[in-house]
$ cat coords31.json   # JSON, C-alpha atoms
[["chain", "number", "residue", "atom", "x", "y", "z"],
["A", 980, "MET", "CA", 45.66, 25.56, -22.72],
["A", 981, "MET", "CA", 42.48, 26.64, -21.00],
["A", 982, "PHE", "CA", 40.34, 24.55, -23.31],
["A", 983, "ASP", "CA", 42.33, 21.39, -22.53],
["A", 984, "HIS", "CA", 41.42, 21.70, -18.85],
["A", 985, "ILE", "CA", 37.72, 22.21, -19.68],
["A", 986, "ALA", "CA", 37.72, 19.25, -22.08],
["A", 987, "TYR", "CA", 39.39, 17.08, -19.43],
["A", 988, "ARG", "CA", 36.76, 18.03, -16.82],
["A", 989, "HIS", "CA", 33.92, 17.25, -19.24],
["A", 990, "ALA", "CA", 35.47, 13.92, -20.19],
["A", 991, "ARG", "CA", 35.89, 12.99, -16.52],
["A", 992, "ALA", "CA", 32.24, 13.90, -15.79],
["A", 993, "TRP", "CA", 30.99, 11.84, -18.76],
["A", 994, "GLY", "CA", 33.17, 8.92, -17.72],
["A", 995, "LEU", "CA", 31.81, 9.01, -14.18],
["A", 996, "ALA", "CA", 28.22, 9.25, -15.44],
["A", 997, "ILE", "CA", 28.69, 6.27, -17.76],
["A", 998, "ALA", "CA", 30.32, 4.26, -14.98],
["A", 999, "LEU", "CA", 27.43, 4.96, -12.58],
["A", 1000, "ILE", "CA", 24.61, 4.06, -14.99],
["A", 1001, "PRO", "CA", 24.91, 0.27, -14.40],
["A", 1002, "LEU", "CA", 24.89, 0.89, -10.65],
["A", 1003, "PHE", "CA", 21.67, 2.92, -10.86],
["A", 1004, "ILE", "CA", 20.01, 0.31, -13.10],
["A", 1005, "TRP", "CA", 20.97, -2.44, -10.67],
["A", 1006, "ALA", "CA", 19.62, -0.45, -7.68],
["A", 1007, "LEU", "CA", 16.30, 0.19, -9.42],
["A", 1008, "TRP", "CA", 15.99, -3.46, -10.45],
["A", 1009, "GLN", "CA", 16.67, -4.67, -6.89],
["A", 1010, "ASP", "CA", 14.12, -2.31, -5.38],
["A", 1011, "ASN", "CA", 11.34, -3.09, -7.86],
["A", 1012, "GLU", "CA", 11.61, -6.87, -7.91],
["A", 1013, "PRO", "CA", 7.98, -7.93, -7.62],
["A", 1014, "SER", "CA", 6.87, -10.41, -4.99],
["A", 1015, "GLN", "CA", 4.29, -12.97, -5.97],
["A", 1016, "LEU", "CA", 0.89, -13.41, -4.39],
["A", 1017, "LEU", "CA", 0.92, -16.72, -2.52],
["A", 1018, "ASN", "CA", -2.67, -16.82, -1.32],
["A", 1019, "SER", "CA", -5.76, -14.74, -0.78],
["A", 1020, "GLU", "CA", -8.21, -15.76, 1.91],
["A", 1021, "ALA", "CA", -11.25, -14.45, 3.73],
["A", 1022, "SER", "CA", -10.78, -12.97, 7.17],
["A", 1023, "PHE", "CA", -12.65, -10.58, 9.44],
["A", 1024, "GLY", "CA", -12.00, -7.68, 11.78],
["A", 1025, "VAL", "CA", -13.97, -6.12, 14.62],
["A", 1026, "VAL", "CA", -14.67, -2.40, 14.21],
["A", 1027, "GLU", "CA", -13.31, -0.31, 17.08],
["A", 1028, "HIS", "CA", -13.67, 3.21, 15.69],
["A", 1029, "ILE", "CA", -15.14, 4.99, 12.65],
["A", 1030, "ALA", "CA", -13.66, 8.20, 11.22],
["A", 1031, "THR", "CA", -14.94, 10.44, 8.45],
["A", 1032, "ILE", "CA", -12.79, 12.76, 6.40],
["A", 1033, "GLU", "CA", -14.31, 15.45, 4.20],
["A", 1034, "GLY", "CA", -12.66, 15.91, 0.85],
["A", 1035, "ARG", "CA", -11.63, 19.19, -0.69],
["A", 1036, "ARG", "CA", -14.49, 19.06, -3.13],
["A", 1037, "HIS", "CA", -17.92, 19.84, -1.81],
["A", 1038, "GLY", "CA", -19.81, 16.78, -0.66],
["A", 1039, "THR", "CA", -17.06, 14.15, -0.84],
["A", 1040, "VAL", "CA", -16.63, 12.14, 2.34],
["A", 1041, "SER", "CA", -14.29, 9.21, 2.96],
["A", 1042, "TYR", "CA", -14.90, 6.68, 5.73],
["A", 1043, "TYR", "CA", -12.21, 4.80, 7.63],
["A", 1044, "ALA", "CA", -12.50, 2.14, 10.30],
["A", 1045, "ARG", "CA", -9.97, 1.01, 12.87],
["A", 1046, "VAL", "CA", -10.42, -2.74, 13.07],
["A", 1047, "ARG", "CA", -8.95, -5.37, 15.39],
["A", 1048, "LEU", "CA", -7.83, -8.44, 13.48],
["A", 1049, "SER", "CA", -8.08, -12.05, 14.69],
["A", 1050, "ASN", "CA", -4.39, -11.88, 15.75],
["A", 1051, "ASN", "CA", -5.19, -8.82, 17.98],
["A", 1052, "LYS", "CA", -3.37, -6.33, 15.74],
["A", 1053, "THR", "CA", -5.22, -3.16, 14.81],
["A", 1054, "MET", "CA", -5.21, -1.38, 11.49],
["A", 1055, "VAL", "CA", -7.08, 1.39, 9.69],
["A", 1056, "ILE", "CA", -8.87, 0.52, 6.45],
["A", 1057, "PRO", "CA", -11.04, 2.56, 4.09],
["A", 1058, "ILE", "CA", -14.67, 1.40, 4.12],
["A", 1059, "THR", "CA", -17.79, 1.99, 2.05],
["A", 1060, "ARG", "CA", -21.47, 2.46, 2.76],
["A", 1061, "PRO", "CA", -23.43, 1.15, 4.55],
["A", 1062, "ILE", "CA", -21.18, 2.21, 7.41],
["A", 1063, "PRO", "CA", -20.62, -0.52, 10.01],
["A", 1064, "LYS", "CA", -21.34, 0.03, 13.68],
["A", 1065, "ILE", "CA", -18.83, -0.26, 16.52],
["A", 1066, "ASN", "CA", -18.20, -3.96, 17.39],
["A", 1067, "ASP", "CA", -19.49, -5.18, 13.99],
["A", 1068, "LYS", "CA", -17.42, -7.91, 12.39],
["A", 1069, "VAL", "CA", -16.51, -6.72, 8.90],
["A", 1070, "PRO", "CA", -15.33, -9.04, 6.11],
["A", 1071, "LEU", "CA", -11.71, -8.64, 5.01],
["A", 1072, "ILE", "CA", -9.47, -10.20, 2.39],
["A", 1073, "ARG", "CA", -5.97, -11.16, 3.57],
["A", 1074, "GLN", "CA", -3.33, -11.45, 0.86],
["A", 1075, "THR", "CA", 0.05, -13.03, 1.62],
["A", 1076, "TYR", "CA", 3.04, -12.41, -0.66],
["A", 1077, "SER", "CA", 6.27, -14.35, -1.24],
["A", 1078, "ASN", "CA", 8.36, -11.75, 0.61],
["A", 1079, "GLY", "CA", 6.28, -12.29, 3.78],
["A", 1080, "ASP", "CA", 4.12, -9.18, 3.49],
["A", 1081, "GLN", "CA", 0.44, -9.44, 4.39],
["A", 1082, "TYR", "CA", -2.15, -6.93, 3.27],
["A", 1083, "TYR", "CA", -5.76, -6.64, 4.39],
["A", 1084, "TYR", "CA", -8.55, -5.19, 2.24],
["A", 1085, "PHE", "CA", -12.17, -4.45, 3.06],
["A", 1086, "ASP", "CA", -14.36, -6.99, 1.19],
["A", 1087, "LYS", "CA", -16.89, -4.54, -0.27],
["A", 1088, "GLU", "CA", -18.94, -7.10, -2.18],
["A", 1089, "LYS", "CA", -19.45, -9.40, 0.79],
["A", 1090, "TRP", "CA", -20.29, -6.40, 3.01],
["A", 1091, "MET", "CA", -22.86, -5.07, 0.52],
["A", 1092, "ILE", "CA", -24.52, -8.48, 0.14],
["A", 1093, "SER", "CA", -24.56, -9.91, 3.65],
["A", 1094, "GLY", "CA", -23.52, -7.15, 6.07],
["A", 1095, "PRO", "CA", -21.65, -7.99, 9.30],
["A", 1096, "VAL", "CA", -19.95, -11.39, 9.64],
["A", 1097, "LYS", "CA", -21.96, -13.70, 11.87]]
$ encode --input "coords31.json" --output "structure tokens"
Amino acid sequence: MMFDHIAYRHARAWGLAIALIPLFIWALWQDNEPSQLLNSEASFGVVEHIATIEGRRHGTVSYYARVRLSNNKTMVIPITRPIPKINDKVPLIRQTYSNGDQYYYFDKEKWMISGPVK
């Protein structure tokens, strides 16, 4: 008698787990649906502030700049050497995706070659 109750509980748990698997797969698929890159274009930002953060390992330093974009929004981006000065125009890459997201990246190559945007 006691084993029938245990077997019934295990069967109910397995049934619930099997029933929920399609729901979990659907939720993961919905969340990870990739958006496509629509365009990538050159932009610029004006440096308002520079911050340095020392890493845990000896001698590692990361540089970040708060920049004001052409639409007057500000954001913080990681930057590389040579470190820009306050009020320098730094080159950025703006990427727009199909879901409406826009991401800005520091254009390292253009910065290394030509420096501040004129």
$ closest_atom_pairs --input "coords31.json" --of "stretch 1057-1096 of chain A" --to "stretch 1017-1026 of chain A" --cutoff "9 Å" --atoms "all atoms listed in the file" --output "JSON lines"
{"residue": "A:Pro1063", "atom": "CA", "partner": "A:Val1026", "partner_atom": "CA", "distance": 7.5}
{"residue": "A:Lys1064", "atom": "CA", "partner": "A:Val1026", "partner_atom": "CA", "distance": 7.1}
{"residue": "A:Ile1065", "atom": "CA", "partner": "A:Val1026", "partner_atom": "CA", "distance": 5.2}
{"residue": "A:Asn1066", "atom": "CA", "partner": "A:Val1026", "partner_atom": "CA", "distance": 5.0}
{"residue": "A:Asp1067", "atom": "CA", "partner": "A:Val1026", "partner_atom": "CA", "distance": 5.6}
{"residue": "A:Lys1068", "atom": "CA", "partner": "A:Val1025", "partner_atom": "CA", "distance": 4.5}
{"residue": "A:Val1069", "atom": "CA", "partner": "A:Gly1024", "partner_atom": "CA", "distance": 5.4}
{"residue": "A:Pro1070", "atom": "CA", "partner": "A:Phe1023", "partner_atom": "CA", "distance": 4.5}
{"residue": "A:Leu1071", "atom": "CA", "partner": "A:Phe1023", "partner_atom": "CA", "distance": 4.9}
{"residue": "A:Ile1072", "atom": "CA", "partner": "A:Ala1021", "partner_atom": "CA", "distance": 4.8}
{"residue": "A:Arg1073", "atom": "CA", "partner": "A:Glu1020", "partner_atom": "CA", "distance": 5.4}
{"residue": "A:Gln1074", "atom": "CA", "partner": "A:Ser1019", "partner_atom": "CA", "distance": 4.4}
{"residue": "A:Thr1075", "atom": "CA", "partner": "A:Asn1018", "partner_atom": "CA", "distance": 5.5}
{"residue": "A:Tyr1076", "atom": "CA", "partner": "A:Leu1017", "partner_atom": "CA", "distance": 5.2}
{"residue": "A:Ser1077", "atom": "CA", "partner": "A:Leu1017", "partner_atom": "CA", "distance": 6.0}
{"residue": "A:Tyr1083", "atom": "CA", "partner": "A:Ser1022", "partner_atom": "CA", "distance": 8.5}
{"residue": "A:Phe1085", "atom": "CA", "partner": "A:Phe1023", "partner_atom": "CA", "distance": 8.9}
{"residue": "A:Asp1086", "atom": "CA", "partner": "A:Ala1021", "partner_atom": "CA", "distance": 8.5}
{"residue": "A:Val1096", "atom": "CA", "partner": "A:Phe1023", "partner_atom": "CA", "distance": 7.3}
$ atom_distance --input "coords31.json" --atom1 "atom CA of A:Ser1093" --atom2 "atom CA of A:Glu1027"
20.0 Å
$ atom_distance --input "coords31.json" --atom1 "atom CA of A:Lys1089" --atom2 "atom CA of A:Thr1059"
11.6 Å
$ atom_distance --input "coords31.json" --atom1 "atom CA of A:Ile1004" --atom2 "atom CA of A:Asp1080"
24.9 Å
$ closest_residue --input "coords31.json" --among "A:Gln1015, A:Trp993, A:Met1054, A:Leu1048" --to "A:Ile1029" --atoms "only C-alpha atoms"
A:Met1054
$ build_atoms --input "coords31.json" --residues "stretch 993-1017 of chain A" --atoms "N, CA and C atoms" --output "short mmCIF file (atom, residue, chain, number, x, y, z; two decimals), in the frame of the given file"
data_model
loop_
_atom_site.label_atom_id
_atom_site.label_comp_id
_atom_site.auth_asym_id
_atom_site.auth_seq_id
_atom_site.Cartn_x
_atom_site.Cartn_y
_atom_site.Cartn_z
N TRP A 993 31.67 12.83 -17.92
CA TRP A 993 30.99 11.84 -18.76
C TRP A 993 31.41 10.42 -18.38
N GLY A 994 32.68 10.24 -18.11
CA GLY A 994 33.17 8.92 -17.72
C GLY A 994 32.54 8.45 -16.42
N LEU A 995 32.43 9.35 -15.45
CA LEU A 995 31.81 9.01 -14.18
C LEU A 995 30.33 8.70 -14.36
N ALA A 996 29.65 9.49 -15.19
CA ALA A 996 28.22 9.25 -15.44
C ALA A 996 28.01 7.89 -16.10
N ILE A 997 28.83 7.56 -17.07
CA ILE A 997 28.69 6.27 -17.76
C ILE A 997 29.01 5.12 -16.82
N ALA A 998 29.96 5.31 -15.93
CA ALA A 998 30.32 4.26 -14.98
C ALA A 998 29.22 4.04 -13.95
N LEU A 999 28.47 5.09 -13.60
CA LEU A 999 27.43 4.96 -12.58
C LEU A 999 26.10 4.44 -13.12
N ILE A 1000 25.90 4.50 -14.42
CA ILE A 1000 24.61 4.06 -14.99
C ILE A 1000 24.30 2.61 -14.64
N PRO A 1001 25.24 1.65 -14.80
CA PRO A 1001 24.91 0.27 -14.40
C PRO A 1001 24.56 0.14 -12.92
N LEU A 1002 25.20 0.93 -12.07
CA LEU A 1002 24.89 0.89 -10.65
C LEU A 1002 23.46 1.36 -10.38
N PHE A 1003 23.04 2.43 -11.02
CA PHE A 1003 21.67 2.92 -10.86
C PHE A 1003 20.65 1.92 -11.40
N ILE A 1004 20.93 1.31 -12.53
CA ILE A 1004 20.01 0.31 -13.10
C ILE A 1004 19.89 -0.87 -12.15
N TRP A 1005 21.00 -1.32 -11.60
CA TRP A 1005 20.97 -2.44 -10.67
C TRP A 1005 20.16 -2.09 -9.42
N ALA A 1006 20.35 -0.88 -8.88
CA ALA A 1006 19.62 -0.45 -7.68
C ALA A 1006 18.13 -0.38 -7.94
N LEU A 1007 17.72 0.13 -9.09
CA LEU A 1007 16.30 0.19 -9.42
C LEU A 1007 15.73 -1.20 -9.61
N TRP A 1008 16.48 -2.10 -10.22
CA TRP A 1008 15.99 -3.46 -10.45
C TRP A 1008 15.82 -4.19 -9.13
N GLN A 1009 16.75 -4.01 -8.19
CA GLN A 1009 16.67 -4.67 -6.89
C GLN A 1009 15.46 -4.18 -6.10
N ASP A 1010 15.19 -2.89 -6.16
CA ASP A 1010 14.12 -2.31 -5.38
C ASP A 1010 12.74 -2.67 -5.93
N ASN A 1011 12.64 -2.86 -7.23
CA ASN A 1011 11.34 -3.09 -7.86
C ASN A 1011 11.07 -4.54 -8.20
N GLU A 1012 11.85 -5.46 -7.63
CA GLU A 1012 11.61 -6.87 -7.91
C GLU A 1012 10.26 -7.26 -7.31
N PRO A 1013 9.31 -7.67 -8.14
CA PRO A 1013 7.98 -7.93 -7.62
C PRO A 1013 7.92 -9.21 -6.81
N SER A 1014 7.12 -9.19 -5.75
CA SER A 1014 6.87 -10.41 -4.99
C SER A 1014 5.57 -11.00 -5.51
N GLN A 1015 5.46 -12.29 -5.42
CA GLN A 1015 4.29 -12.97 -5.97
C GLN A 1015 3.26 -13.22 -4.89
N LEU A 1016 2.00 -13.13 -5.29
CA LEU A 1016 0.89 -13.41 -4.39
C LEU A 1016 0.84 -14.91 -4.12
N LEU A 1017 0.97 -15.31 -2.86
CA LEU A 1017 0.92 -16.72 -2.52
C LEU A 1017 -0.50 -17.20 -2.29
#
